[in-house]
Amino acid sequence: MKKIGVIGLGNMGRGMALTLKRGGFEVVGTDAIAATREALTKEGISIRASIGEVIKECEMVFLSLPTAAIVEDVIAGSGGIIENARAGVLIVDTSTSHPDTTRRMLVKLNAVSMELMDAPVSGGPKGAITGTMAMVIGASAKNFERAEPILSAMTGKRVHVGDVGAGHVAKIANNLFTASHLLIAGEVTRMAEKAGVPTDQLLQGINAGSGRSFVTEHSYPTWILNGKFDSGFTMKLMRKDVRLSQELIQALELDLPLASKVAELWAKSADTIEGGEDFNRVVELGTR
Ligand SMILES: NC(=O)c1ccc[n+]([C@@H]2O[C@H](COP(=O)([O-])OP(=O)(O)OC[C@H]3O[C@@H](n4cnc5c(N)ncnc54)[C@H](O)[C@@H]3O)[C@@H](O)[C@H]2O)c1
């Protein structure tokens, strides 16, 4: 069985590594934080001290990293993947990153005979640990086919949306929807409460009608109404994703006023809701 690498063993990378291991793959991983490396060793993942060691051993290496800048550093920075290049290795970037970064990294990796595809994910830490994530994939047909047996072991749904970079465009679009739906749901539920309709009753009506969304059907009952706010996805990461959407819109020279208002509100949320808090807390914007 081929060895699979995972670089970045946080909320998502940990679950992916453990799911692959459960699926019968030999998994080696690394992370920038020593405590994370130790915790994953205890959970049975073979940990390596450097990116170079992971690349040396694996045919396919997943990245699950916080930002596009960190992805770029891990691929092209000092001690990174390109400095430790090995021909034929396929890098699968599951981070939510910028499509321009992804396409630039493709050129650099191809120059050292390595391959890249973007495969950002939905479903949170629970989806990662249970192998039920959804993936939007940007890849050549050849690499999509090559990765499919491994991707199918770690996801419930995979959609090949186009060439390299297309996965990140689709993921940014997806999260712009979610970020917008949360804001409007926060406002609409406040309107209905003040007009005398409690949120749980309102949502039963909305979810039977055409205004429903993942946020009204899933996020409210699972993380918001019960006060748990434990989705595993943070304010900081969603603010990053909304910023990514703005960068993409600006690079495309588009004028999208609603998206721009959504970005303004998410940026403003940093004044009252800390980065480590659950991203669903944004429904409370303006009330705390
Ligand atoms: N958490 C979610 O629900 C969720 C859902 C979908 C997509 N995502 C995306 O997946 C990515 C990872 O998210 P997460 O929630 O797991 O983040 P996280 O912060 O929990 O994990 C990221 C990990 O990367 C490690 N890391 C940072 N720099 C590194 C480096 N130079 N070398 C090696 N490791 C490094 C960190 O130490 C950390 O353990 C992000 O791009 C996020 O937007 C997250």
# chains A, B, ... in the order shown; residues from 1 in each chain; ligands from 1
$ select_by_dssp --residues "segment 40-283 of chain A" --states "alpha helix (DSSP H)" --output "VMD selection string"
chain A and resid 40 to 42 51 to 57 68 to 76 99 to 111 124 to 130 141 to 154 166 to 194 199 to 206 214 235 to 251 257 to 268
$ residues_around --residues "segment 271-275 of chain A" --least-positions-apart "2" --cutoff "7 Å" --atoms "only C-alpha atoms" --output "number ranges by chain"
A: 234-236, 268-269, 277, 288
$ write_last_selection --atoms "N, CA and C atoms" --output "mmCIF file, in the first residue's frame"
data_model
loop_
_atom_site.group_PDB
_atom_site.id
_atom_site.type_symbol
_atom_site.label_atom_id
_atom_site.label_comp_id
_atom_site.auth_asym_id
_atom_site.auth_seq_id
_atom_site.Cartn_x
_atom_site.Cartn_y
_atom_site.Cartn_z
ATOM 1 N N THR A 234 -13.474 28.243 12.902
ATOM 2 C CA THR A 234 -13.356 29.468 13.710
ATOM 3 C C THR A 234 -13.709 30.745 12.938
ATOM 4 N N MET A 235 -13.989 31.794 13.713
ATOM 5 C CA MET A 235 -14.212 33.130 13.151
ATOM 6 C C MET A 235 -13.009 33.541 12.295
ATOM 7 N N LYS A 236 -11.816 33.280 12.830
ATOM 8 C CA LYS A 236 -10.595 33.705 12.141
ATOM 9 C C LYS A 236 -10.515 33.092 10.734
ATOM 10 N N LYS A 268 -15.725 43.757 10.409
ATOM 11 C CA LYS A 268 -16.168 44.477 11.608
ATOM 12 C C LYS A 268 -16.394 43.518 12.788
ATOM 13 N N SER A 269 -16.750 42.274 12.491
ATOM 14 C CA SER A 269 -17.026 41.311 13.571
ATOM 15 C C SER A 269 -15.796 41.102 14.461
ATOM 16 N N GLU A 277 -13.237 32.022 18.382
ATOM 17 C CA GLU A 277 -14.628 31.620 18.621
ATOM 18 C C GLU A 277 -15.219 30.930 17.392
ATOM 19 N N ARG A 288 -23.900 42.080 20.807
ATOM 20 C CA ARG A 288 -22.994 41.883 21.954
ATOM 21 C C ARG A 288 -21.830 42.855 21.925
#
$ residues_near_ligand --ligand "ligand 1" --cutoff "6 Å" --atoms "only C-alpha atoms and all ligand atoms" --output "VMD selection string"
chain A and resid 7 to 13 31 to 33 64 to 67 70 74 95 to 96 121 to 125 232 to 233 237
$ write_last_selection --atoms "N, CA and C atoms" --output "short mmCIF file (atom, residue, chain, number, x, y, z; two decimals), in the first residue's frame"
data_model
loop_
_atom_site.label_atom_id
_atom_site.label_comp_id
_atom_site.auth_asym_id
_atom_site.auth_seq_id
_atom_site.Cartn_x
_atom_site.Cartn_y
_atom_site.Cartn_z
N ILE A 7 0.45 17.19 5.65
CA ILE A 7 1.18 18.32 6.26
C ILE A 7 0.15 19.30 6.80
N GLY A 8 0.16 19.50 8.12
CA GLY A 8 -0.86 20.32 8.79
C GLY A 8 -1.87 19.38 9.43
N LEU A 9 -1.70 19.15 10.73
CA LEU A 9 -2.53 18.15 11.43
C LEU A 9 -3.45 18.82 12.46
N GLY A 10 -4.07 19.94 12.05
CA GLY A 10 -4.99 20.67 12.94
C GLY A 10 -6.38 20.04 12.92
N ASN A 11 -7.40 20.87 13.10
CA ASN A 11 -8.78 20.37 13.19
C ASN A 11 -9.13 19.46 12.01
N MET A 12 -8.76 19.86 10.79
CA MET A 12 -9.12 19.08 9.60
C MET A 12 -8.07 18.01 9.26
N GLY A 13 -6.78 18.40 9.29
CA GLY A 13 -5.72 17.47 8.89
C GLY A 13 -5.67 16.24 9.78
N ASP A 31 3.58 18.66 11.39
CA ASP A 31 2.89 19.90 11.75
C ASP A 31 3.91 20.84 12.36
N ALA A 32 3.62 22.14 12.28
CA ALA A 32 4.56 23.13 12.81
C ALA A 32 4.59 23.13 14.34
N ILE A 33 3.52 22.62 14.97
CA ILE A 33 3.42 22.69 16.43
C ILE A 33 3.79 21.35 17.07
N SER A 64 -3.12 20.62 4.67
CA SER A 64 -4.31 21.17 5.35
C SER A 64 -3.82 22.32 6.22
N LEU A 65 -3.66 23.47 5.58
CA LEU A 65 -2.95 24.62 6.20
C LEU A 65 -3.87 25.84 6.27
N PRO A 66 -3.61 26.74 7.23
CA PRO A 66 -4.56 27.83 7.47
C PRO A 66 -4.75 28.82 6.31
N THR A 67 -3.65 29.29 5.70
CA THR A 67 -3.80 30.39 4.72
C THR A 67 -3.01 30.12 3.44
N ILE A 70 0.71 30.58 3.95
CA ILE A 70 1.38 29.42 4.57
C ILE A 70 1.53 28.28 3.56
N VAL A 74 5.05 26.62 2.61
CA VAL A 74 5.31 25.18 2.73
C VAL A 74 5.75 24.59 1.38
N SER A 95 -6.48 22.86 1.73
CA SER A 95 -6.69 24.14 2.43
C SER A 95 -7.65 25.01 1.60
N THR A 96 -8.33 25.95 2.29
CA THR A 96 -9.09 26.96 1.54
C THR A 96 -8.09 28.06 1.20
N VAL A 121 -12.24 21.39 1.07
CA VAL A 121 -13.26 20.52 1.65
C VAL A 121 -14.34 21.28 2.43
N SER A 122 -15.48 20.61 2.59
CA SER A 122 -16.57 21.08 3.46
C SER A 122 -16.93 19.94 4.39
N GLY A 123 -17.50 20.30 5.52
CA GLY A 123 -17.98 19.24 6.42
C GLY A 123 -17.38 19.32 7.80
N GLY A 124 -16.38 20.21 7.96
CA GLY A 124 -15.80 20.44 9.29
C GLY A 124 -15.01 19.26 9.81
N PRO A 125 -14.48 19.40 11.03
CA PRO A 125 -13.69 18.34 11.64
C PRO A 125 -14.46 17.01 11.72
N GLY A 232 -16.15 23.59 15.17
CA GLY A 232 -14.73 23.31 14.86
C GLY A 232 -14.18 24.23 13.79
N PHE A 233 -14.99 25.17 13.29
CA PHE A 233 -14.51 26.15 12.30
C PHE A 233 -14.57 27.52 12.96
N LEU A 237 -10.83 31.80 10.65
CA LEU A 237 -10.74 31.14 9.34
C LEU A 237 -11.82 31.64 8.38
#
$ residues_around --residues "Val164 of chain A" --least-positions-apart "6" --cutoff "12 Å" --atoms "only C-alpha atoms" --output "NGL selection string"
:A and (91-93 or 98-107 or 115-120 or 136-144 or 170)
$ write_last_selection --atoms "C-alpha atoms" --output "mmCIF file, in the first residue's frame"
data_model
loop_
_atom_site.group_PDB
_atom_site.id
_atom_site.type_symbol
_atom_site.label_atom_id
_atom_site.label_comp_id
_atom_site.auth_asym_id
_atom_site.auth_seq_id
_atom_site.Cartn_x
_atom_site.Cartn_y
_atom_site.Cartn_z
ATOM 1 C CA ILE A 91 0.486 17.387 -3.777
ATOM 2 C CA VAL A 92 -3.226 17.683 -2.889
ATOM 3 C CA ASP A 93 -4.039 21.053 -1.313
ATOM 4 C CA HIS A 98 -6.377 31.557 -3.275
ATOM 5 C CA PRO A 99 -6.652 30.203 -6.854
ATOM 6 C CA ASP A 100 -3.851 32.523 -8.044
ATOM 7 C CA THR A 101 -1.490 31.115 -5.412
ATOM 8 C CA THR A 102 -2.513 27.615 -6.454
ATOM 9 C CA ARG A 103 -1.832 28.267 -10.146
ATOM 10 C CA ARG A 104 1.562 29.882 -9.362
ATOM 11 C CA MET A 105 2.479 26.878 -7.193
ATOM 12 C CA LEU A 106 1.463 24.533 -10.034
ATOM 13 C CA VAL A 107 4.062 26.150 -12.348
ATOM 14 C CA GLU A 115 2.134 17.497 -9.562
ATOM 15 C CA LEU A 116 -0.517 19.629 -7.804
ATOM 16 C CA MET A 117 -4.276 19.571 -7.456
ATOM 17 C CA ASP A 118 -6.583 21.664 -5.264
ATOM 18 C CA ALA A 119 -9.225 19.775 -3.324
ATOM 19 C CA PRO A 120 -10.703 22.058 -0.644
ATOM 20 C CA VAL A 136 -14.514 20.486 -4.865
ATOM 21 C CA ILE A 137 -11.592 19.534 -7.060
ATOM 22 C CA GLY A 138 -9.378 21.444 -9.492
ATOM 23 C CA ALA A 139 -7.154 18.987 -11.340
ATOM 24 C CA SER A 140 -6.086 17.539 -14.666
ATOM 25 C CA ALA A 141 -8.145 14.484 -15.636
ATOM 26 C CA LYS A 142 -5.028 12.336 -15.137
ATOM 27 C CA ASN A 143 -4.379 13.499 -11.570
ATOM 28 C CA PHE A 144 -8.066 13.343 -10.659
ATOM 29 C CA ALA A 170 -15.637 26.956 -5.987
#
$ atom_distance --atom1 "atom CA of Ile4 of chain A" --atom2 "atom CA of Asp73 of chain A"
20.7 Å
$ closest_atom_pairs --of "segment 215-282 of chain A" --to "segment 189-202 of chain A" --cutoff "9 Å" --atoms "only C-alpha atoms" --output "CSV"
residue,atom,partner,partner_atom,distance
A:Tyr220,CA,A:Asp200,CA,8.6
A:Pro221,CA,A:Asp200,CA,8.4
A:Leu225,CA,A:Asp200,CA,7.6
$ select_by_dssp --residues "segment 38-272 of chain A" --states "strand (DSSP E)" --output "PyMOL selection string"
chain A and resi 46-47+60-63+90-93+115-118+121-122+133-138+155-162
$ write_last_selection --atoms "N, CA and C atoms" --output "short mmCIF file (atom, residue, chain, number, x, y, z; two decimals), in the first residue's frame"
data_model
loop_
_atom_site.label_atom_id
_atom_site.label_comp_id
_atom_site.auth_asym_id
_atom_site.auth_seq_id
_atom_site.Cartn_x
_atom_site.Cartn_y
_atom_site.Cartn_z
N SER A 46 2.31 8.18 12.07
CA SER A 46 3.78 8.24 12.06
C SER A 46 4.18 9.68 11.77
N ILE A 47 4.83 10.29 12.74
CA ILE A 47 5.17 11.71 12.60
C ILE A 47 6.62 11.87 12.14
N MET A 60 1.83 10.59 -2.47
CA MET A 60 0.81 11.63 -2.49
C MET A 60 0.82 12.32 -1.13
N VAL A 61 0.78 13.67 -1.14
CA VAL A 61 0.89 14.41 0.12
C VAL A 61 -0.23 15.45 0.20
N PHE A 62 -1.04 15.36 1.24
CA PHE A 62 -2.13 16.32 1.46
C PHE A 62 -1.62 17.51 2.27
N LEU A 63 -2.10 18.70 1.92
CA LEU A 63 -1.85 19.90 2.72
C LEU A 63 -3.17 20.31 3.37
N LEU A 90 2.48 13.71 -5.99
CA LEU A 90 1.28 14.54 -6.19
C LEU A 90 0.91 15.24 -4.88
N ILE A 91 0.90 16.59 -4.93
CA ILE A 91 0.49 17.39 -3.78
C ILE A 91 -1.01 17.70 -3.92
N VAL A 92 -1.78 17.42 -2.87
CA VAL A 92 -3.23 17.68 -2.89
C VAL A 92 -3.52 18.74 -1.82
N ASP A 93 -3.82 19.96 -2.27
CA ASP A 93 -4.04 21.05 -1.31
C ASP A 93 -5.51 21.12 -0.91
N GLU A 115 3.51 17.21 -9.14
CA GLU A 115 2.13 17.50 -9.56
C GLU A 115 1.36 18.19 -8.43
N LEU A 116 0.32 18.96 -8.81
CA LEU A 116 -0.52 19.63 -7.80
C LEU A 116 -1.98 19.58 -8.22
N MET A 117 -2.85 19.37 -7.24
CA MET A 117 -4.28 19.57 -7.46
C MET A 117 -4.85 20.26 -6.22
N ASP A 118 -5.92 21.04 -6.40
CA ASP A 118 -6.58 21.66 -5.26
C ASP A 118 -7.87 20.91 -4.99
N VAL A 121 -12.24 21.39 1.07
CA VAL A 121 -13.26 20.52 1.65
C VAL A 121 -14.34 21.28 2.43
N SER A 122 -15.48 20.61 2.59
CA SER A 122 -16.57 21.08 3.46
C SER A 122 -16.93 19.94 4.39
N MET A 133 -16.57 14.18 4.25
CA MET A 133 -16.43 15.54 3.71
C MET A 133 -16.88 15.59 2.25
N ALA A 134 -17.24 16.82 1.83
CA ALA A 134 -17.45 17.08 0.40
C ALA A 134 -16.20 17.80 -0.11
N MET A 135 -15.81 17.48 -1.35
CA MET A 135 -14.60 18.07 -1.91
C MET A 135 -14.91 18.68 -3.27
N VAL A 136 -14.42 19.91 -3.52
CA VAL A 136 -14.51 20.49 -4.86
C VAL A 136 -13.09 20.49 -5.43
N ILE A 137 -12.94 19.88 -6.60
CA ILE A 137 -11.59 19.53 -7.06
C ILE A 137 -11.20 20.28 -8.33
N GLY A 138 -9.98 20.86 -8.29
CA GLY A 138 -9.38 21.44 -9.49
C GLY A 138 -8.17 20.59 -9.86
N THR A 155 -13.79 10.98 1.72
CA THR A 155 -14.87 11.93 1.45
C THR A 155 -16.19 11.19 1.16
N GLY A 156 -17.30 11.92 1.31
CA GLY A 156 -18.59 11.36 0.93
C GLY A 156 -18.96 11.76 -0.48
N LYS A 157 -18.45 12.92 -0.91
CA LYS A 157 -18.83 13.46 -2.21
C LYS A 157 -17.65 14.20 -2.81
N ARG A 158 -17.39 13.98 -4.10
CA ARG A 158 -16.32 14.70 -4.79
C ARG A 158 -16.86 15.27 -6.08
N VAL A 159 -16.58 16.55 -6.32
CA VAL A 159 -17.02 17.16 -7.57
C VAL A 159 -15.79 17.75 -8.26
N HIS A 160 -15.50 17.24 -9.47
CA HIS A 160 -14.37 17.74 -10.25
C HIS A 160 -14.86 18.97 -11.02
N VAL A 161 -14.52 20.17 -10.53
CA VAL A 161 -15.12 21.38 -11.11
C VAL A 161 -14.29 22.00 -12.24
N GLY A 162 -13.05 21.56 -12.43
CA GLY A 162 -12.25 22.12 -13.53
C GLY A 162 -10.76 21.86 -13.32
#
$ closest_residue --among "A:Ser180, A:Gln204, A:Thr30, A:Asn110" --to "Val89 of chain A" --atoms "only C-alpha atoms"
A:Asn110
$ decode --residues "segment 147-177 of chain A" --atoms "N, CA and C atoms" --output "compact mmCIF listing (two decimals), in the first residue's frame"
# COMPACT_ATOMS: atom_id res chain seq x y z
N ALA A 147 -5.79 10.27 -8.05
CA ALA A 147 -6.09 10.51 -6.63
C ALA A 147 -7.38 9.83 -6.18
N GLU A 148 -8.25 9.49 -7.13
CA GLU A 148 -9.62 9.05 -6.79
C GLU A 148 -9.69 7.94 -5.73
N PRO A 149 -8.88 6.87 -5.80
CA PRO A 149 -9.02 5.82 -4.77
C PRO A 149 -8.74 6.33 -3.36
N ILE A 150 -7.85 7.30 -3.25
CA ILE A 150 -7.53 7.83 -1.91
C ILE A 150 -8.60 8.84 -1.49
N LEU A 151 -9.00 9.70 -2.44
CA LEU A 151 -10.02 10.70 -2.11
C LEU A 151 -11.34 10.03 -1.71
N SER A 152 -11.67 8.93 -2.38
CA SER A 152 -12.95 8.28 -2.08
C SER A 152 -12.92 7.64 -0.69
N ALA A 153 -11.72 7.38 -0.16
CA ALA A 153 -11.63 6.80 1.19
C ALA A 153 -11.83 7.87 2.27
N MET A 154 -11.73 9.15 1.87
CA MET A 154 -11.79 10.19 2.91
C MET A 154 -12.94 11.19 2.73
N THR A 155 -13.79 10.98 1.72
CA THR A 155 -14.87 11.93 1.45
C THR A 155 -16.19 11.19 1.16
N GLY A 156 -17.30 11.92 1.31
CA GLY A 156 -18.59 11.36 0.93
C GLY A 156 -18.96 11.76 -0.48
N LYS A 157 -18.45 12.92 -0.91
CA LYS A 157 -18.83 13.46 -2.21
C LYS A 157 -17.65 14.20 -2.81
N ARG A 158 -17.39 13.98 -4.10
CA ARG A 158 -16.32 14.70 -4.79
C ARG A 158 -16.86 15.27 -6.08
N VAL A 159 -16.58 16.55 -6.32
CA VAL A 159 -17.02 17.16 -7.57
C VAL A 159 -15.79 17.75 -8.26
N HIS A 160 -15.50 17.24 -9.47
CA HIS A 160 -14.37 17.74 -10.25
C HIS A 160 -14.86 18.97 -11.02
N VAL A 161 -14.52 20.17 -10.53
CA VAL A 161 -15.12 21.38 -11.11
C VAL A 161 -14.29 22.00 -12.24
N GLY A 162 -13.05 21.56 -12.43
CA GLY A 162 -12.25 22.12 -13.53
C GLY A 162 -10.76 21.86 -13.32
N ASP A 163 -9.94 22.67 -14.00
CA ASP A 163 -8.49 22.52 -13.90
C ASP A 163 -7.97 23.08 -12.58
N VAL A 164 -6.67 22.98 -12.38
CA VAL A 164 -6.06 23.45 -11.12
C VAL A 164 -6.46 24.91 -10.84
N GLY A 165 -6.92 25.17 -9.63
CA GLY A 165 -7.39 26.51 -9.23
C GLY A 165 -8.91 26.55 -9.14
N ALA A 166 -9.58 25.74 -9.95
CA ALA A 166 -11.06 25.78 -9.99
C ALA A 166 -11.67 25.33 -8.66
N GLY A 167 -11.02 24.40 -7.98
CA GLY A 167 -11.52 23.94 -6.68
C GLY A 167 -11.53 25.09 -5.69
N HIS A 168 -10.45 25.89 -5.72
CA HIS A 168 -10.39 27.01 -4.78
C HIS A 168 -11.39 28.11 -5.13
N VAL A 169 -11.65 28.32 -6.41
CA VAL A 169 -12.71 29.28 -6.80
C VAL A 169 -14.05 28.79 -6.25
N ALA A 170 -14.34 27.50 -6.43
CA ALA A 170 -15.64 26.96 -5.99
C ALA A 170 -15.76 27.01 -4.46
N LYS A 171 -14.66 26.75 -3.77
CA LYS A 171 -14.70 26.77 -2.29
C LYS A 171 -14.91 28.19 -1.77
N ILE A 172 -14.24 29.16 -2.39
CA ILE A 172 -14.43 30.56 -1.99
C ILE A 172 -15.89 30.97 -2.22
N ALA A 173 -16.45 30.54 -3.35
CA ALA A 173 -17.86 30.84 -3.66
C ALA A 173 -18.77 30.19 -2.62
N ASN A 174 -18.50 28.95 -2.28
CA ASN A 174 -19.30 28.23 -1.28
C ASN A 174 -19.29 28.98 0.05
N ASN A 175 -18.11 29.38 0.49
CA ASN A 175 -18.02 30.03 1.81
C ASN A 175 -18.57 31.45 1.79
N LEU A 176 -18.55 32.09 0.63
CA LEU A 176 -19.18 33.41 0.54
C LEU A 176 -20.69 33.27 0.73
N PHE A 177 -21.26 32.17 0.17
CA PHE A 177 -22.68 31.89 0.43
C PHE A 177 -22.92 31.68 1.92
